[in-house]
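J.: File name my_file.txt; file contents compact mmCIF, N, CA and C atoms; full text below.
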# COMPACT_ATOMS: atom_id res chain seq x y z
N MET A 145 -150.65 -164.85 84.31
CA MET A 145 -149.88 -163.64 84.15
C MET A 145 -149.35 -163.58 82.73
N VAL A 146 -149.46 -162.43 82.11
CA VAL A 146 -148.96 -162.22 80.76
C VAL A 146 -147.59 -161.56 80.86
N PHE A 147 -146.61 -162.17 80.20
CA PHE A 147 -145.26 -161.61 80.19
C PHE A 147 -145.03 -160.88 78.87
N ARG A 148 -144.72 -159.59 78.98
CA ARG A 148 -144.37 -158.81 77.80
C ARG A 148 -142.87 -158.54 77.76
N SER A 149 -142.23 -158.64 78.91
CA SER A 149 -140.81 -158.34 79.02
C SER A 149 -140.14 -159.32 79.98
N VAL A 150 -139.13 -160.01 79.47
CA VAL A 150 -138.38 -160.98 80.26
C VAL A 150 -136.94 -160.49 80.35
N LEU A 151 -136.42 -160.41 81.56
CA LEU A 151 -135.03 -160.03 81.79
C LEU A 151 -134.29 -161.25 82.32
N VAL A 152 -133.15 -161.55 81.74
CA VAL A 152 -132.34 -162.65 82.23
C VAL A 152 -130.96 -162.12 82.61
N ALA A 153 -130.52 -162.51 83.81
CA ALA A 153 -129.19 -162.14 84.29
C ALA A 153 -128.24 -163.25 83.88
N ASP A 154 -127.21 -162.90 83.11
CA ASP A 154 -126.29 -163.87 82.54
C ASP A 154 -124.88 -163.58 83.04
N ASP A 155 -124.29 -164.54 83.78
CA ASP A 155 -122.92 -164.34 84.27
C ASP A 155 -121.89 -165.14 83.49
N MET A 156 -122.31 -165.69 82.35
CA MET A 156 -121.45 -166.44 81.45
C MET A 156 -120.93 -167.74 82.07
N LEU A 157 -121.61 -168.25 83.09
CA LEU A 157 -121.25 -169.52 83.71
C LEU A 157 -122.36 -170.55 83.43
N ASP A 158 -122.12 -171.80 83.80
CA ASP A 158 -123.08 -172.87 83.53
C ASP A 158 -124.47 -172.59 84.11
N ALA A 159 -124.52 -172.05 85.31
CA ALA A 159 -125.81 -171.78 85.96
C ALA A 159 -126.62 -170.79 85.14
N SER A 160 -125.97 -169.81 84.54
CA SER A 160 -126.73 -168.83 83.78
C SER A 160 -127.13 -169.36 82.41
N GLN A 161 -126.43 -170.38 81.90
CA GLN A 161 -126.84 -170.97 80.62
C GLN A 161 -128.21 -171.62 80.77
N ALA A 162 -128.44 -172.32 81.85
CA ALA A 162 -129.75 -172.93 82.09
C ALA A 162 -130.82 -171.85 82.23
N ALA A 163 -130.48 -170.75 82.91
CA ALA A 163 -131.42 -169.64 83.06
C ALA A 163 -131.70 -168.99 81.72
N LEU A 164 -130.66 -168.81 80.92
CA LEU A 164 -130.82 -168.22 79.59
C LEU A 164 -131.73 -169.08 78.73
N ASP A 165 -131.51 -170.38 78.74
CA ASP A 165 -132.37 -171.29 77.96
C ASP A 165 -133.83 -171.17 78.40
N GLU A 166 -134.05 -171.11 79.71
CA GLU A 166 -135.42 -170.99 80.23
C GLU A 166 -136.03 -169.65 79.84
N ALA A 167 -135.25 -168.58 79.93
CA ALA A 167 -135.75 -167.25 79.57
C ALA A 167 -136.10 -167.18 78.08
N VAL A 168 -135.28 -167.79 77.25
CA VAL A 168 -135.56 -167.81 75.81
C VAL A 168 -136.86 -168.55 75.55
N ASN A 169 -137.03 -169.71 76.17
CA ASN A 169 -138.28 -170.48 76.00
C ASN A 169 -139.48 -169.67 76.46
N LEU A 170 -139.36 -169.01 77.60
CA LEU A 170 -140.45 -168.20 78.13
C LEU A 170 -140.78 -167.04 77.19
N ALA A 171 -139.75 -166.36 76.70
CA ALA A 171 -139.97 -165.23 75.79
C ALA A 171 -140.62 -165.69 74.48
N LYS A 172 -140.21 -166.84 73.98
CA LYS A 172 -140.81 -167.37 72.76
C LYS A 172 -142.28 -167.70 72.98
N LEU A 173 -142.57 -168.40 74.08
CA LEU A 173 -143.96 -168.78 74.37
C LEU A 173 -144.86 -167.57 74.54
N ALA A 174 -144.35 -166.55 75.21
CA ALA A 174 -145.15 -165.37 75.51
C ALA A 174 -145.05 -164.30 74.42
N ARG A 175 -144.18 -164.55 73.44
CA ARG A 175 -143.91 -163.53 72.41
C ARG A 175 -143.49 -162.22 73.06
N ALA A 176 -142.61 -162.36 74.04
CA ALA A 176 -142.17 -161.22 74.85
C ALA A 176 -140.80 -160.74 74.41
N LYS A 177 -140.51 -159.51 74.78
CA LYS A 177 -139.18 -158.95 74.58
C LYS A 177 -138.24 -159.61 75.58
N LEU A 178 -137.05 -160.00 75.11
CA LEU A 178 -136.04 -160.59 75.99
C LEU A 178 -134.89 -159.62 76.13
N THR A 179 -134.51 -159.34 77.36
CA THR A 179 -133.33 -158.51 77.63
C THR A 179 -132.34 -159.35 78.41
N ILE A 180 -131.11 -159.41 77.90
CA ILE A 180 -130.05 -160.17 78.54
C ILE A 180 -129.09 -159.18 79.16
N VAL A 181 -128.87 -159.28 80.45
CA VAL A 181 -127.95 -158.38 81.13
C VAL A 181 -126.79 -159.20 81.72
N THR A 182 -125.58 -158.73 81.43
CA THR A 182 -124.37 -159.32 82.00
C THR A 182 -123.69 -158.24 82.84
N VAL A 183 -123.30 -158.61 84.04
CA VAL A 183 -122.60 -157.67 84.92
C VAL A 183 -121.17 -158.18 85.10
N VAL A 184 -120.23 -157.32 84.76
CA VAL A 184 -118.82 -157.63 84.95
C VAL A 184 -118.38 -156.90 86.21
N SER A 185 -117.79 -157.68 87.12
CA SER A 185 -117.42 -157.14 88.42
C SER A 185 -115.91 -157.19 88.60
N VAL A 186 -115.39 -156.23 89.34
CA VAL A 186 -113.96 -156.28 89.66
C VAL A 186 -113.73 -157.18 90.87
N VAL A 187 -114.80 -157.77 91.40
CA VAL A 187 -114.69 -158.73 92.49
C VAL A 187 -115.21 -160.05 91.98
N SER A 188 -114.43 -161.09 92.15
CA SER A 188 -114.81 -162.42 91.69
C SER A 188 -116.04 -162.89 92.45
N PRO A 189 -117.15 -163.25 91.73
CA PRO A 189 -118.33 -163.75 92.42
C PRO A 189 -118.09 -165.10 93.07
N SER A 190 -117.10 -165.84 92.60
CA SER A 190 -116.84 -167.17 93.15
C SER A 190 -115.99 -167.12 94.41
N PHE A 191 -115.09 -166.13 94.50
CA PHE A 191 -114.16 -166.13 95.61
C PHE A 191 -114.18 -164.85 96.43
N GLY A 192 -114.92 -163.83 95.99
CA GLY A 192 -115.03 -162.61 96.75
C GLY A 192 -113.73 -161.81 96.83
N VAL A 193 -112.83 -162.03 95.90
CA VAL A 193 -111.56 -161.31 95.89
C VAL A 193 -111.46 -160.46 94.63
N PRO A 194 -110.69 -159.38 94.68
CA PRO A 194 -110.55 -158.53 93.49
C PRO A 194 -109.89 -159.28 92.33
N VAL A 195 -110.38 -159.01 91.13
CA VAL A 195 -109.73 -159.54 89.93
C VAL A 195 -108.81 -158.47 89.38
N PRO A 196 -107.84 -158.85 88.58
CA PRO A 196 -106.90 -157.85 88.07
C PRO A 196 -107.59 -156.76 87.26
N ILE A 197 -107.18 -155.53 87.48
CA ILE A 197 -107.68 -154.39 86.73
C ILE A 197 -106.71 -154.15 85.58
N GLY A 198 -107.16 -153.53 84.54
CA GLY A 198 -106.28 -153.20 83.43
C GLY A 198 -106.59 -154.08 82.24
N ASP A 199 -105.53 -154.63 81.65
CA ASP A 199 -105.69 -155.42 80.43
C ASP A 199 -106.62 -156.61 80.63
N SER A 200 -106.52 -157.28 81.77
CA SER A 200 -107.38 -158.44 82.02
C SER A 200 -108.84 -158.04 82.10
N PHE A 201 -109.12 -156.93 82.75
CA PHE A 201 -110.50 -156.46 82.86
C PHE A 201 -111.02 -155.99 81.51
N ALA A 202 -110.17 -155.30 80.76
CA ALA A 202 -110.55 -154.85 79.41
C ALA A 202 -110.85 -156.06 78.52
N ALA A 203 -110.06 -157.11 78.64
CA ALA A 203 -110.29 -158.32 77.86
C ALA A 203 -111.60 -158.99 78.27
N LEU A 204 -111.90 -158.95 79.57
CA LEU A 204 -113.16 -159.52 80.06
C LEU A 204 -114.35 -158.73 79.50
N LEU A 205 -114.25 -157.41 79.49
CA LEU A 205 -115.32 -156.58 78.92
C LEU A 205 -115.49 -156.86 77.43
N GLU A 206 -114.39 -156.97 76.72
CA GLU A 206 -114.46 -157.23 75.28
C GLU A 206 -115.09 -158.59 75.00
N SER A 207 -114.69 -159.59 75.78
CA SER A 207 -115.25 -160.92 75.63
C SER A 207 -116.75 -160.92 75.89
N ALA A 208 -117.17 -160.23 76.95
CA ALA A 208 -118.60 -160.17 77.29
C ALA A 208 -119.38 -159.43 76.20
N THR A 209 -118.81 -158.36 75.66
CA THR A 209 -119.47 -157.61 74.59
C THR A 209 -119.67 -158.48 73.36
N LYS A 210 -118.62 -159.20 72.98
CA LYS A 210 -118.72 -160.09 71.81
C LYS A 210 -119.74 -161.19 72.05
N ARG A 211 -119.72 -161.76 73.24
CA ARG A 211 -120.66 -162.84 73.57
C ARG A 211 -122.10 -162.36 73.49
N LEU A 212 -122.37 -161.18 74.05
CA LEU A 212 -123.73 -160.64 74.01
C LEU A 212 -124.17 -160.36 72.58
N GLY A 213 -123.28 -159.81 71.77
CA GLY A 213 -123.61 -159.52 70.38
C GLY A 213 -123.93 -160.79 69.60
N ALA A 214 -123.10 -161.80 69.77
CA ALA A 214 -123.33 -163.07 69.08
C ALA A 214 -124.61 -163.75 69.56
N LEU A 215 -124.85 -163.66 70.85
CA LEU A 215 -126.05 -164.25 71.43
C LEU A 215 -127.31 -163.57 70.89
N LYS A 216 -127.28 -162.25 70.83
CA LYS A 216 -128.42 -161.51 70.30
C LYS A 216 -128.69 -161.88 68.85
N ALA A 217 -127.65 -161.91 68.04
CA ALA A 217 -127.80 -162.26 66.62
C ALA A 217 -128.38 -163.66 66.47
N ARG A 218 -127.87 -164.61 67.26
CA ARG A 218 -128.36 -165.99 67.17
C ARG A 218 -129.82 -166.10 67.58
N LEU A 219 -130.19 -165.43 68.67
CA LEU A 219 -131.57 -165.52 69.15
C LEU A 219 -132.57 -164.88 68.20
N LEU A 220 -132.16 -163.80 67.54
CA LEU A 220 -133.04 -163.17 66.56
C LEU A 220 -133.29 -164.09 65.37
N THR A 221 -132.29 -164.91 65.01
CA THR A 221 -132.49 -165.85 63.90
C THR A 221 -133.26 -167.09 64.34
N GLU A 222 -133.37 -167.29 65.66
CA GLU A 222 -134.07 -168.46 66.19
C GLU A 222 -135.53 -168.18 66.54
N GLY A 223 -136.04 -167.03 66.14
CA GLY A 223 -137.46 -166.79 66.32
C GLY A 223 -137.87 -165.76 67.33
N LEU A 224 -136.95 -165.21 68.10
CA LEU A 224 -137.33 -164.13 69.00
C LEU A 224 -137.44 -162.85 68.19
N SER A 225 -138.49 -162.09 68.44
CA SER A 225 -138.69 -160.88 67.64
C SER A 225 -137.98 -159.67 68.20
N GLU A 226 -137.71 -159.66 69.51
CA GLU A 226 -137.06 -158.50 70.11
C GLU A 226 -136.11 -158.96 71.21
N VAL A 227 -134.82 -158.66 71.01
CA VAL A 227 -133.79 -159.01 71.98
C VAL A 227 -132.92 -157.79 72.21
N ASP A 228 -132.76 -157.42 73.47
CA ASP A 228 -131.84 -156.35 73.85
C ASP A 228 -130.78 -156.94 74.75
N THR A 229 -129.63 -156.28 74.80
CA THR A 229 -128.58 -156.70 75.71
C THR A 229 -128.06 -155.49 76.46
N ALA A 230 -127.47 -155.76 77.61
CA ALA A 230 -126.84 -154.69 78.40
C ALA A 230 -125.63 -155.28 79.11
N LEU A 231 -124.53 -154.55 79.05
CA LEU A 231 -123.32 -154.93 79.76
C LEU A 231 -123.08 -153.87 80.82
N LEU A 232 -123.08 -154.31 82.07
CA LEU A 232 -122.93 -153.39 83.20
C LEU A 232 -121.70 -153.75 84.00
N GLU A 233 -121.21 -152.81 84.78
CA GLU A 233 -120.05 -153.04 85.63
C GLU A 233 -120.43 -152.79 87.08
N GLY A 234 -119.92 -153.62 87.98
CA GLY A 234 -120.15 -153.40 89.40
C GLY A 234 -120.63 -154.64 90.11
N ASN A 235 -121.28 -154.42 91.23
CA ASN A 235 -121.84 -155.51 92.02
C ASN A 235 -123.03 -156.10 91.27
N PRO A 236 -123.01 -157.41 90.98
CA PRO A 236 -124.08 -158.00 90.17
C PRO A 236 -125.49 -157.78 90.73
N VAL A 237 -125.67 -157.97 92.03
CA VAL A 237 -127.00 -157.78 92.61
C VAL A 237 -127.45 -156.34 92.44
N ASP A 238 -126.61 -155.40 92.86
CA ASP A 238 -126.98 -153.99 92.80
C ASP A 238 -127.29 -153.55 91.37
N ARG A 239 -126.44 -153.95 90.44
CA ARG A 239 -126.62 -153.49 89.06
C ARG A 239 -127.86 -154.12 88.40
N VAL A 240 -128.12 -155.40 88.65
CA VAL A 240 -129.32 -156.03 88.07
C VAL A 240 -130.57 -155.40 88.67
N VAL A 241 -130.57 -155.17 89.97
CA VAL A 241 -131.73 -154.55 90.63
C VAL A 241 -131.96 -153.14 90.08
N GLU A 242 -130.91 -152.35 89.96
CA GLU A 242 -131.04 -150.99 89.40
C GLU A 242 -131.56 -151.03 87.97
N PHE A 243 -131.02 -151.95 87.18
CA PHE A 243 -131.44 -152.08 85.78
C PHE A 243 -132.91 -152.48 85.70
N ALA A 244 -133.31 -153.42 86.55
CA ALA A 244 -134.71 -153.87 86.57
C ALA A 244 -135.65 -152.75 86.98
N GLU A 245 -135.22 -151.89 87.90
CA GLU A 245 -136.06 -150.76 88.32
C GLU A 245 -136.33 -149.81 87.16
N LYS A 246 -135.37 -149.68 86.25
CA LYS A 246 -135.54 -148.80 85.09
C LYS A 246 -136.33 -149.49 83.98
N LEU A 247 -136.09 -150.79 83.79
CA LEU A 247 -136.70 -151.53 82.69
C LEU A 247 -138.13 -151.97 82.99
N HIS A 248 -138.43 -152.26 84.24
CA HIS A 248 -139.74 -152.78 84.67
C HIS A 248 -140.14 -154.06 83.93
N PRO A 249 -139.28 -155.11 83.99
CA PRO A 249 -139.67 -156.37 83.34
C PRO A 249 -140.80 -157.03 84.11
N ASP A 250 -141.50 -157.92 83.43
CA ASP A 250 -142.55 -158.67 84.10
C ASP A 250 -141.97 -159.81 84.94
N VAL A 251 -140.81 -160.31 84.52
CA VAL A 251 -140.16 -161.41 85.23
C VAL A 251 -138.65 -161.32 84.99
N ILE A 252 -137.90 -161.70 86.01
CA ILE A 252 -136.45 -161.81 85.89
C ILE A 252 -136.10 -163.28 86.06
N VAL A 253 -135.27 -163.79 85.15
CA VAL A 253 -134.84 -165.18 85.22
C VAL A 253 -133.36 -165.19 85.61
N VAL A 254 -133.04 -165.94 86.65
CA VAL A 254 -131.66 -166.05 87.13
C VAL A 254 -131.31 -167.51 87.35
N GLY A 255 -130.03 -167.82 87.29
CA GLY A 255 -129.56 -169.17 87.57
C GLY A 255 -129.13 -169.27 89.01
N SER A 256 -129.06 -170.49 89.49
CA SER A 256 -128.60 -170.74 90.85
C SER A 256 -127.68 -171.95 90.84
N ARG A 257 -126.53 -171.78 91.44
CA ARG A 257 -125.57 -172.89 91.53
C ARG A 257 -125.90 -173.82 92.68
N GLY A 258 -126.85 -173.46 93.52
CA GLY A 258 -127.22 -174.32 94.64
C GLY A 258 -126.16 -174.34 95.73
N LEU A 259 -125.69 -173.17 96.11
CA LEU A 259 -124.69 -173.09 97.18
C LEU A 259 -125.27 -173.57 98.50
N SER A 260 -124.42 -174.12 99.32
CA SER A 260 -124.83 -174.51 100.66
C SER A 260 -125.04 -173.25 101.49
N THR A 261 -125.56 -173.41 102.69
CA THR A 261 -125.75 -172.26 103.58
C THR A 261 -124.42 -171.57 103.84
N ALA A 262 -123.38 -172.34 104.09
CA ALA A 262 -122.05 -171.77 104.33
C ALA A 262 -121.55 -171.05 103.07
N GLY A 263 -121.79 -171.64 101.91
CA GLY A 263 -121.36 -171.02 100.66
C GLY A 263 -122.06 -169.70 100.41
N ARG A 264 -123.36 -169.65 100.70
CA ARG A 264 -124.10 -168.39 100.54
C ARG A 264 -123.59 -167.34 101.50
N PHE A 265 -123.25 -167.78 102.74
CA PHE A 265 -122.73 -166.84 103.73
C PHE A 265 -121.38 -166.29 103.30
N LEU A 266 -120.49 -167.17 102.84
CA LEU A 266 -119.14 -166.76 102.47
C LEU A 266 -119.10 -166.03 101.13
N LEU A 267 -119.84 -166.50 100.16
CA LEU A 267 -119.73 -165.97 98.80
C LEU A 267 -120.89 -165.06 98.42
N GLY A 268 -121.97 -165.13 99.16
CA GLY A 268 -123.16 -164.39 98.77
C GLY A 268 -123.92 -165.17 97.72
N SER A 269 -125.08 -164.73 97.41
CA SER A 269 -125.89 -165.38 96.38
C SER A 269 -126.54 -164.30 95.54
N VAL A 270 -126.13 -164.25 94.30
CA VAL A 270 -126.68 -163.25 93.39
C VAL A 270 -128.18 -163.48 93.20
N SER A 271 -128.57 -164.73 92.97
CA SER A 271 -129.99 -165.00 92.75
C SER A 271 -130.82 -164.63 93.98
N ASP A 272 -130.31 -164.94 95.16
CA ASP A 272 -131.02 -164.61 96.41
C ASP A 272 -131.12 -163.09 96.58
N GLY A 273 -130.03 -162.38 96.30
CA GLY A 273 -130.04 -160.92 96.43
C GLY A 273 -131.03 -160.28 95.47
N ILE A 274 -131.06 -160.77 94.24
CA ILE A 274 -132.01 -160.22 93.25
C ILE A 274 -133.43 -160.52 93.70
N LEU A 275 -133.67 -161.75 94.09
CA LEU A 275 -135.01 -162.19 94.52
C LEU A 275 -135.58 -161.29 95.61
N HIS A 276 -134.73 -160.88 96.54
CA HIS A 276 -135.22 -160.12 97.69
C HIS A 276 -135.21 -158.61 97.50
N HIS A 277 -134.75 -158.12 96.36
CA HIS A 277 -134.67 -156.68 96.18
C HIS A 277 -135.40 -156.13 94.96
N VAL A 278 -136.00 -156.95 94.14
CA VAL A 278 -136.74 -156.45 92.99
C VAL A 278 -138.23 -156.48 93.27
N HIS A 279 -138.96 -155.73 92.48
CA HIS A 279 -140.41 -155.61 92.67
C HIS A 279 -141.19 -156.30 91.55
N CYS A 280 -140.64 -157.41 91.06
CA CYS A 280 -141.35 -158.20 90.05
C CYS A 280 -141.10 -159.67 90.35
N SER A 281 -141.73 -160.52 89.59
CA SER A 281 -141.54 -161.96 89.78
C SER A 281 -140.12 -162.35 89.38
N VAL A 282 -139.60 -163.38 90.04
CA VAL A 282 -138.27 -163.89 89.75
C VAL A 282 -138.38 -165.41 89.59
N LEU A 283 -137.83 -165.90 88.50
CA LEU A 283 -137.76 -167.34 88.27
C LEU A 283 -136.31 -167.75 88.48
N VAL A 284 -136.07 -168.59 89.48
CA VAL A 284 -134.72 -169.08 89.77
C VAL A 284 -134.60 -170.48 89.17
N VAL A 285 -133.67 -170.62 88.24
CA VAL A 285 -133.45 -171.89 87.55
C VAL A 285 -132.26 -172.57 88.20
N LYS A 286 -132.51 -173.69 88.82
CA LYS A 286 -131.45 -174.42 89.51
C LYS A 286 -130.73 -175.34 88.53
N VAL A 287 -129.42 -175.39 88.69
CA VAL A 287 -128.61 -176.30 87.90
C VAL A 287 -128.32 -177.51 88.77
N HIS A 288 -128.71 -178.65 88.28
CA HIS A 288 -128.50 -179.89 89.04
C HIS A 288 -127.27 -180.58 88.49
N ALA A 289 -126.48 -181.12 89.38
CA ALA A 289 -125.29 -181.87 88.96
C ALA A 289 -125.73 -183.11 88.17
N ALA A 290 -124.91 -183.47 87.20
CA ALA A 290 -125.21 -184.66 86.41
C ALA A 290 -125.16 -185.90 87.32
N PRO A 291 -126.10 -186.82 87.12
CA PRO A 291 -126.11 -188.01 87.97
C PRO A 291 -124.81 -188.80 87.76
N LYS A 292 -124.32 -189.38 88.85
CA LYS A 292 -123.10 -190.18 88.78
C LYS A 292 -123.40 -191.51 88.13
N ALA A 293 -122.44 -191.96 87.33
CA ALA A 293 -122.59 -193.27 86.70
C ALA A 293 -122.46 -194.35 87.76
N PRO A 294 -123.23 -195.43 87.62
CA PRO A 294 -123.13 -196.51 88.61
C PRO A 294 -121.73 -197.11 88.59
N SER A 295 -121.26 -197.52 89.76
CA SER A 295 -119.91 -198.12 89.85
C SER A 295 -119.91 -199.57 89.49
Let me see the file written as structure tokens.
T.:
Amino acid sequence: MVFRSVLVADDMLDASQAALDEAVNLAKLARAKLTIVTVVSVVSPSFGVPVPIGDSFAALLESATKRLGALKARLLTEGLSEVDTALLEGNPVDRVVEFAEKLHPDVIVVGSRGLSTAGRFLLGSVSDGILHHVHCSVLVVKVHAAPKAPS
């Protein structure tokens, strides 16, 4: 399969850093366009509860905007020829799926924290939701816990 367009969903957490690294490597190898999408939600993806609206949300949006801009600039200097970014608001699964329907990427790269069955039931799984609702290939990059040092 030839990849011309790679979309990576970035939630600014450790799991998405591994996915971002993988998406960058894939885009470089394929000489593909990389699009990084971050979704800011008023509901915490970790706890399923509303986050404060107002100054805190505005600060979160500003932080995400700066991060995406810096990331794009860095990746362009590291050899990627085309990098786009998008900052969206709302439910991460819904917004990434909607964005992918418009963009038509060849592959979407997402991170996975490796939630247990109970964790997926209680918190939901963004990677699982994206996987089951898009019409393109999805690469799920799992983050493995660092091995424990011997006692």
J.: Residues near Val184 of chain A, anyone? I mean within 6 Å using only N, CA and C atoms, not counting same-chain ones fewer than 2 positions away, as an mmCIF file with N, CA and C atoms, in the coordinates of the input.
T.:
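Printed below is around_14.cif as written:
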data_model
loop_
_atom_site.group_PDB
_atom_site.id
_atom_site.type_symbol
_atom_site.label_atom_id
_atom_site.label_comp_id
_atom_site.auth_asym_id
_atom_site.auth_seq_id
_atom_site.Cartn_x
_atom_site.Cartn_y
_atom_site.Cartn_z
ATOM 1 N N THR A 182 -125.580 -158.730 81.430
ATOM 2 C CA THR A 182 -124.370 -159.320 82.000
ATOM 3 C C THR A 182 -123.690 -158.240 82.840
ATOM 4 N N VAL A 186 -115.390 -156.230 89.340
ATOM 5 C CA VAL A 186 -113.960 -156.280 89.660
ATOM 6 C C VAL A 186 -113.730 -157.180 90.870
ATOM 7 N N LEU A 231 -124.530 -154.550 79.050
ATOM 8 C CA LEU A 231 -123.320 -154.930 79.760
ATOM 9 C C LEU A 231 -123.080 -153.870 80.820
ATOM 10 N N LEU A 232 -123.080 -154.310 82.070
ATOM 11 C CA LEU A 232 -122.930 -153.390 83.200
ATOM 12 C C LEU A 232 -121.700 -153.750 84.000
ATOM 13 N N GLU A 233 -121.210 -152.810 84.780
ATOM 14 C CA GLU A 233 -120.050 -153.040 85.630
ATOM 15 C C GLU A 233 -120.430 -152.790 87.080
ATOM 16 N N GLY A 234 -119.920 -153.620 87.980
ATOM 17 C CA GLY A 234 -120.150 -153.400 89.400
ATOM 18 C C GLY A 234 -120.630 -154.640 90.110
#
J.: Pick out the residues sitting within 8 Å of segment 277-285 of chain A, and hand them over as a PyMOL selection string; count all atoms listed in the file, and ignore anything fewer than 5 positions along from it in its own chain.
T.: chain A and resi 159-160+162-164+166+240-242+244-245+248-258+271-272
J.: Output N, CA and C atoms for every residue in the selection just made, as a PDB file, in the coordinates of the input.
T.:
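This is the output file again14.pdb:
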ATOM      1  N   ALA A 159    -124.520-172.050  85.310  1.00  0.00           N
ATOM      2  CA  ALA A 159    -125.810-171.780  85.960  1.00  0.00           C
ATOM      3  C   ALA A 159    -126.620-170.790  85.140  1.00  0.00           C
ATOM      4  N   SER A 160    -125.970-169.810  84.540  1.00  0.00           N
ATOM      5  CA  SER A 160    -126.730-168.830  83.780  1.00  0.00           C
ATOM      6  C   SER A 160    -127.130-169.360  82.410  1.00  0.00           C
ATOM      7  N   ALA A 162    -128.440-172.320  81.850  1.00  0.00           N
ATOM      8  CA  ALA A 162    -129.750-172.930  82.090  1.00  0.00           C
ATOM      9  C   ALA A 162    -130.820-171.850  82.230  1.00  0.00           C
ATOM     10  N   ALA A 163    -130.480-170.750  82.910  1.00  0.00           N
ATOM     11  CA  ALA A 163    -131.420-169.640  83.060  1.00  0.00           C
ATOM     12  C   ALA A 163    -131.700-168.990  81.720  1.00  0.00           C
ATOM     13  N   LEU A 164    -130.660-168.810  80.920  1.00  0.00           N
ATOM     14  CA  LEU A 164    -130.820-168.220  79.590  1.00  0.00           C
ATOM     15  C   LEU A 164    -131.730-169.080  78.730  1.00  0.00           C
ATOM     16  N   GLU A 166    -134.050-171.110  79.710  1.00  0.00           N
ATOM     17  CA  GLU A 166    -135.420-170.990  80.230  1.00  0.00           C
ATOM     18  C   GLU A 166    -136.030-169.650  79.840  1.00  0.00           C
ATOM     19  N   VAL A 240    -128.120-155.400  88.650  1.00  0.00           N
ATOM     20  CA  VAL A 240    -129.320-156.030  88.070  1.00  0.00           C
ATOM     21  C   VAL A 240    -130.570-155.400  88.670  1.00  0.00           C
ATOM     22  N   VAL A 241    -130.570-155.170  89.970  1.00  0.00           N
ATOM     23  CA  VAL A 241    -131.730-154.550  90.630  1.00  0.00           C
ATOM     24  C   VAL A 241    -131.960-153.140  90.080  1.00  0.00           C
ATOM     25  N   GLU A 242    -130.910-152.350  89.960  1.00  0.00           N
ATOM     26  CA  GLU A 242    -131.040-150.990  89.400  1.00  0.00           C
ATOM     27  C   GLU A 242    -131.560-151.030  87.970  1.00  0.00           C
ATOM     28  N   ALA A 244    -133.310-153.420  86.550  1.00  0.00           N
ATOM     29  CA  ALA A 244    -134.710-153.870  86.570  1.00  0.00           C
ATOM     30  C   ALA A 244    -135.650-152.750  86.980  1.00  0.00           C
ATOM     31  N   GLU A 245    -135.220-151.890  87.900  1.00  0.00           N
ATOM     32  CA  GLU A 245    -136.060-150.760  88.320  1.00  0.00           C
ATOM     33  C   GLU A 245    -136.330-149.810  87.160  1.00  0.00           C
ATOM     34  N   HIS A 248    -138.430-152.260  84.240  1.00  0.00           N
ATOM     35  CA  HIS A 248    -139.740-152.780  84.670  1.00  0.00           C
ATOM     36  C   HIS A 248    -140.140-154.060  83.930  1.00  0.00           C
ATOM     37  N   PRO A 249    -139.280-155.110  83.990  1.00  0.00           N
ATOM     38  CA  PRO A 249    -139.670-156.370  83.340  1.00  0.00           C
ATOM     39  C   PRO A 249    -140.800-157.030  84.110  1.00  0.00           C
ATOM     40  N   ASP A 250    -141.500-157.920  83.430  1.00  0.00           N
ATOM     41  CA  ASP A 250    -142.550-158.670  84.100  1.00  0.00           C
ATOM     42  C   ASP A 250    -141.970-159.810  84.940  1.00  0.00           C
ATOM     43  N   VAL A 251    -140.810-160.310  84.520  1.00  0.00           N
ATOM     44  CA  VAL A 251    -140.160-161.410  85.230  1.00  0.00           C
ATOM     45  C   VAL A 251    -138.650-161.320  84.990  1.00  0.00           C
ATOM     46  N   ILE A 252    -137.900-161.700  86.010  1.00  0.00           N
ATOM     47  CA  ILE A 252    -136.450-161.810  85.890  1.00  0.00           C
ATOM     48  C   ILE A 252    -136.100-163.280  86.060  1.00  0.00           C
ATOM     49  N   VAL A 253    -135.270-163.790  85.150  1.00  0.00           N
ATOM     50  CA  VAL A 253    -134.840-165.180  85.220  1.00  0.00           C
ATOM     51  C   VAL A 253    -133.360-165.190  85.610  1.00  0.00           C
ATOM     52  N   VAL A 254    -133.040-165.940  86.650  1.00  0.00           N
ATOM     53  CA  VAL A 254    -131.660-166.050  87.130  1.00  0.00           C
ATOM     54  C   VAL A 254    -131.310-167.510  87.350  1.00  0.00           C
ATOM     55  N   GLY A 255    -130.030-167.820  87.290  1.00  0.00           N
ATOM     56  CA  GLY A 255    -129.560-169.170  87.570  1.00  0.00           C
ATOM     57  C   GLY A 255    -129.130-169.270  89.010  1.00  0.00           C
ATOM     58  N   SER A 256    -129.060-170.490  89.490  1.00  0.00           N
ATOM     59  CA  SER A 256    -128.600-170.740  90.850  1.00  0.00           C
ATOM     60  C   SER A 256    -127.680-171.950  90.840  1.00  0.00           C
ATOM     61  N   ARG A 257    -126.530-171.780  91.440  1.00  0.00           N
ATOM     62  CA  ARG A 257    -125.570-172.890  91.530  1.00  0.00           C
ATOM     63  C   ARG A 257    -125.900-173.820  92.680  1.00  0.00           C
ATOM     64  N   GLY A 258    -126.850-173.460  93.520  1.00  0.00           N
ATOM     65  CA  GLY A 258    -127.220-174.320  94.640  1.00  0.00           C
ATOM     66  C   GLY A 258    -126.160-174.340  95.730  1.00  0.00           C
ATOM     67  N   SER A 271    -128.570-164.730  92.970  1.00  0.00           N
ATOM     68  CA  SER A 271    -129.990-165.000  92.750  1.00  0.00           C
ATOM     69  C   SER A 271    -130.820-164.630  93.980  1.00  0.00           C
ATOM     70  N   ASP A 272    -130.310-164.940  95.160  1.00  0.00           N
ATOM     71  CA  ASP A 272    -131.020-164.610  96.410  1.00  0.00           C
ATOM     72  C   ASP A 272    -131.120-163.090  96.580  1.00  0.00           C
TER      73      ASP A 272
END
J.: Taking all atoms of segment 274-288 of chain A that the file lists and extending 6 Å past them on each side, where is the centre of the axis-aligned box and how long are its edges? Answer in Å to one decimal, as AutoDock Vina command-line options.
T.:
--center_x -134.5 --center_y -168.1 --center_z 92.6 --size_x 26.5 --size_y 37.0 --size_z 22.1
